[in-house]
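**Student:** What follows is a structure written as structure tokens; I'll ask about it next.
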Amino acid sequence: MPVARRTYSHYCCPMSISAPFRITVAALTRQRPAMLAALVRSWGEMDIPEGCEVRCLVVENDTVPCSESVVQEAGSMPNGVALDYVLETELGIPFGRNRAAKEAIANGSDVLAFVDDDETVAQDWLVRLTEGFRASGAMLAGAPLRAAPVHEGASLVQRLMHANIANRYFRKENRAARKASLQDSGPVTTVTNNWMADLRLFTEHGLWFDEAMRMTGGTDAKFHAETRAKGLPVGWVKDAFVYEEIPQQRLSFWYQALRARDQVNTNLRRKFDESFGSGLARMMALPLKALLLVGLLLVLPFQPQQRLMDVARTLGWVLGALGILVGYRSELYHKVTGT
């Protein structure tokens, strides 16, 4: 006999659709004042969901307040949303994310949303994300990421890589639209580039971003996995868009390959931490990934706007897995890219 899928109401009382709803929208930043300023401008132009109280929060993760002036210069937001700033001097993305959650809890918010400081939000982003989240009954939900237009003055190689990144994001978006729903994110991992969570995940279920993973990245993927492991519902909102500004430093083959290396290395280490068998099973894909890399190199001349990124990320997968064997550990977020 099939087992009925448990719903949100099995865990706690769902929030009423008509109840006042308090939202903290947060972004972490470090040494990217120009990008942060663009994000703050988009926050000031976004529509506000009906019946909601919205607060935006910048968490600067640095030893000194380099970007506080960006928030001060923004002044009053055109849409009336409050804009706050805090400095988290304990370096590492999970410390910044947890600080944002603590600030949201102290502020009395019901939910916390995250975007990245190298993004801007669509005007209807928060309306669509909030409506989808509340209708879903989920405790955690994600939404799509798109690439902002390429910089003027980018070289032909940079434009080619930008096209590859944009195509990859669209493929991921279309896959999520097919396989995920408001009620179930399916195979899609929710990450903090476009993310909303019920704060009871922190206060009642004891989920926090893993501060042992200070610079590796991947704490949002681990948070997603731990939410699902508790049997809590995770959803996907397919029409709430944010746009990533891609700095020229990231528009290189080797940057994308090494980024994939570090992401894979972190993910594989997490699998080994969960169980040796789980990690070993993932490592067994290494020969197949090597063969796939050869195949991608063969088709690259015929599909350069899609396959250059595939080659870079597959090479990164191979390097990340080999790194496990030689003791390499990711420090993906030691270096800041962008301005």
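Identifiers in this document derive from the order of the structure tokens: chains are assigned A, B, ..., residues are numbered from 1 separately in each chain, and ligands are numbered from 1 in order of occurrence.
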Return as an NGL selection string the full set of residues in stretch 36-184 of chain A whose backbone-based DSSP assignment is alpha helix (DSSP H).

**Tutor:** :A and (36-45 or 68-74 or 93-106 or 125-136 or 156-179)

**Student:** Residues of stretch 140-223 of chain A in strand (DSSP E or B) according to DSSP, as a ChimeraX atom specification?

**Tutor:** /A:140-142,145-147,194-198

**Student:** Record the distance separating atom CA of A:Asp239 and atom CA of A:Ala221, expressed in Å with one decimal.

**Tutor:**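 Interatomic distance here is 21.0 Å.
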
**Student:** Considering only C-alpha atoms, can you say which of A:Arg313, A:Arg178, A:Arg159, A:Arg97 comes closest to A:Trp236?

**Tutor:** A:Arg178

**Student:** In Å, how far is it from atom CA of A:Phe223 to atom CA of A:Val191?

**Tutor:**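 So the two atoms, atom CA of A:Phe223 and atom CA of A:Val191, lie 8.7 Å apart.
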
**Student:** Give the answer as one residue: which of A:Leu319, A:Val294, A:Ala229, A:Ala141 has the shortest atom-to-atom distance to A:Arg259, using only C-alpha atoms?

**Tutor:**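 Of A:Leu319, A:Val294, A:Ala229, A:Ala141, the one nearest A:Arg259, counting only C-alpha atoms, is A:Leu319.
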
**Student:** If you count only C-alpha atoms, which residues fall within 12 Å of A:Gln303, apart from same-chain ones fewer than 6 positions away, as a short mmCIF file (atom, residue, chain, number, x, y, z; two decimals) with N, CA and C atoms, in the first residue's frame?

**Tutor:**
```cif
data_model
loop_
_atom_site.label_atom_id
_atom_site.label_comp_id
_atom_site.auth_asym_id
_atom_site.auth_seq_id
_atom_site.Cartn_x
_atom_site.Cartn_y
_atom_site.Cartn_z
N LEU A 160 31.29 34.58 -25.30
CA LEU A 160 30.98 33.17 -25.50
C LEU A 160 30.72 32.49 -24.16
N ALA A 163 27.36 33.55 -22.81
CA ALA A 163 26.27 32.83 -23.48
C ALA A 163 26.13 31.42 -22.91
N ASN A 164 27.25 30.77 -22.63
CA ASN A 164 27.22 29.43 -22.03
C ASN A 164 26.57 29.46 -20.65
N ASN A 167 22.82 30.11 -21.02
CA ASN A 167 22.15 28.89 -21.50
C ASN A 167 22.05 27.84 -20.41
N LEU A 296 32.48 15.56 -24.78
CA LEU A 296 32.16 16.98 -24.86
C LEU A 296 33.21 17.74 -25.66
N LEU A 297 34.46 17.37 -25.49
CA LEU A 297 35.52 18.02 -26.27
C LEU A 297 35.33 17.78 -27.76
N MET A 309 30.87 25.63 -21.44
CA MET A 309 30.59 25.56 -20.00
C MET A 309 30.51 24.11 -19.53
N ASP A 310 29.92 23.23 -20.34
CA ASP A 310 29.84 21.81 -19.97
C ASP A 310 31.23 21.21 -19.84
N VAL A 311 32.13 21.57 -20.76
CA VAL A 311 33.51 21.08 -20.68
C VAL A 311 34.17 21.58 -19.39
#
```

**Student:** Show me, as a PyMOL selection string, the residues that have an atom within 8 Å of stretch 71-75 of chain A when counting only C-alpha atoms, minus same-chain residues fewer than 6 positions from it.

**Tutor:** chain A and resi 37+40-41+58+83-85

**Student:** Using the selection just defined, write its residues with all heavy atoms as a PDB file, in the first residue's frame.

**Tutor:**
```
ATOM      1  N   ALA A  37      25.189  48.173  -4.463  1.00  0.00           N
ATOM      2  CA  ALA A  37      24.373  49.352  -4.750  1.00  0.00           C
ATOM      3  C   ALA A  37      23.299  49.044  -5.787  1.00  0.00           C
ATOM      4  O   ALA A  37      22.158  49.509  -5.682  1.00  0.00           O
ATOM      5  CB  ALA A  37      25.263  50.507  -5.220  1.00  0.00           C
ATOM      6  N   VAL A  40      20.569  47.050  -4.031  1.00  0.00           N
ATOM      7  CA  VAL A  40      19.755  47.917  -3.167  1.00  0.00           C
ATOM      8  C   VAL A  40      18.788  48.753  -4.005  1.00  0.00           C
ATOM      9  O   VAL A  40      17.620  48.927  -3.638  1.00  0.00           O
ATOM     10  CB  VAL A  40      20.658  48.802  -2.292  1.00  0.00           C
ATOM     11  CG1 VAL A  40      19.849  49.879  -1.579  1.00  0.00           C
ATOM     12  CG2 VAL A  40      21.406  47.940  -1.264  1.00  0.00           C
ATOM     13  N   ARG A  41      19.249  49.249  -5.146  1.00  0.00           N
ATOM     14  CA  ARG A  41      18.343  50.012  -6.028  1.00  0.00           C
ATOM     15  C   ARG A  41      17.172  49.144  -6.473  1.00  0.00           C
ATOM     16  O   ARG A  41      16.020  49.601  -6.512  1.00  0.00           O
ATOM     17  CB  ARG A  41      19.105  50.550  -7.240  1.00  0.00           C
ATOM     18  CG  ARG A  41      19.975  51.751  -6.937  1.00  0.00           C
ATOM     19  CD  ARG A  41      20.421  52.434  -8.222  1.00  0.00           C
ATOM     20  NE  ARG A  41      21.259  51.564  -9.049  1.00  0.00           N
ATOM     21  CZ  ARG A  41      22.576  51.484  -8.939  1.00  0.00           C
ATOM     22  NH1 ARG A  41      23.215  52.197  -8.003  1.00  0.00           N
ATOM     23  NH2 ARG A  41      23.268  50.701  -9.734  1.00  0.00           N
ATOM     24  N   VAL A  58      21.199  44.246   4.860  1.00  0.00           N
ATOM     25  CA  VAL A  58      22.528  43.971   4.324  1.00  0.00           C
ATOM     26  C   VAL A  58      23.400  43.487   5.472  1.00  0.00           C
ATOM     27  O   VAL A  58      23.556  44.194   6.477  1.00  0.00           O
ATOM     28  CB  VAL A  58      23.144  45.220   3.677  1.00  0.00           C
ATOM     29  CG1 VAL A  58      24.610  44.963   3.292  1.00  0.00           C
ATOM     30  CG2 VAL A  58      22.336  45.639   2.455  1.00  0.00           C
ATOM     31  N   LEU A  83      15.449  49.693   5.268  1.00  0.00           N
ATOM     32  CA  LEU A  83      16.738  49.129   4.867  1.00  0.00           C
ATOM     33  C   LEU A  83      17.692  49.223   6.051  1.00  0.00           C
ATOM     34  O   LEU A  83      17.962  50.312   6.555  1.00  0.00           O
ATOM     35  CB  LEU A  83      17.304  49.894   3.667  1.00  0.00           C
ATOM     36  CG  LEU A  83      18.697  49.480   3.177  1.00  0.00           C
ATOM     37  CD1 LEU A  83      18.707  48.033   2.710  1.00  0.00           C
ATOM     38  CD2 LEU A  83      19.164  50.417   2.062  1.00  0.00           C
ATOM     39  N   ASP A  84      18.202  48.074   6.493  1.00  0.00           N
ATOM     40  CA  ASP A  84      19.089  48.020   7.646  1.00  0.00           C
ATOM     41  C   ASP A  84      20.431  47.404   7.265  1.00  0.00           C
ATOM     42  O   ASP A  84      20.564  46.733   6.236  1.00  0.00           O
ATOM     43  CB  ASP A  84      18.454  47.196   8.772  1.00  0.00           C
ATOM     44  CG  ASP A  84      17.199  47.850   9.322  1.00  0.00           C
ATOM     45  OD1 ASP A  84      17.184  49.087   9.447  1.00  0.00           O
ATOM     46  OD2 ASP A  84      16.222  47.131   9.607  1.00  0.00           O
ATOM     47  N   TYR A  85      21.398  47.609   8.140  1.00  0.00           N
ATOM     48  CA  TYR A  85      22.772  47.150   7.914  1.00  0.00           C
ATOM     49  C   TYR A  85      23.334  46.601   9.218  1.00  0.00           C
ATOM     50  O   TYR A  85      23.126  47.191  10.294  1.00  0.00           O
ATOM     51  CB  TYR A  85      23.638  48.313   7.423  1.00  0.00           C
ATOM     52  CG  TYR A  85      25.126  48.045   7.453  1.00  0.00           C
ATOM     53  CD1 TYR A  85      25.799  47.572   6.338  1.00  0.00           C
ATOM     54  CD2 TYR A  85      25.870  48.272   8.619  1.00  0.00           C
ATOM     55  CE1 TYR A  85      27.166  47.330   6.366  1.00  0.00           C
ATOM     56  CE2 TYR A  85      27.238  48.031   8.657  1.00  0.00           C
ATOM     57  CZ  TYR A  85      27.878  47.557   7.529  1.00  0.00           C
ATOM     58  OH  TYR A  85      29.222  47.304   7.568  1.00  0.00           O
TER      59      TYR A  85
END
```

**Student:** So which residues touch A:Arg214 within 9 Å, counting only C-alpha atoms, skipping near sequence neighbours fewer than 6 positions away, as a PyMOL selection string?

**Tutor:** chain A and resi 91-95+331+333

**Student:** Go ahead and write the residues just picked, C-alpha atoms, as an mmCIF file, in the first residue's frame.

**Tutor:**
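Written file, again.cif:
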```cif
data_model
loop_
_atom_site.group_PDB
_atom_site.id
_atom_site.type_symbol
_atom_site.label_atom_id
_atom_site.label_comp_id
_atom_site.auth_asym_id
_atom_site.auth_seq_id
_atom_site.Cartn_x
_atom_site.Cartn_y
_atom_site.Cartn_z
ATOM 1 C CA LEU A 91 34.503 35.692 8.344
ATOM 2 C CA GLY A 92 32.710 32.969 6.417
ATOM 3 C CA ILE A 93 29.415 32.770 4.538
ATOM 4 C CA PRO A 94 27.634 30.534 7.096
ATOM 5 C CA PHE A 95 28.364 33.088 9.835
ATOM 6 C CA GLU A 331 38.379 27.391 -0.078
ATOM 7 C CA TYR A 333 35.134 31.974 -0.943
#
```

**Student:** Would you mind telling me which residue in A:Pro33, A:Pro233, A:Gly323, A:Gly44 lies nearest to A:Pro65 when using only C-alpha atoms?

**Tutor:** A:Pro33
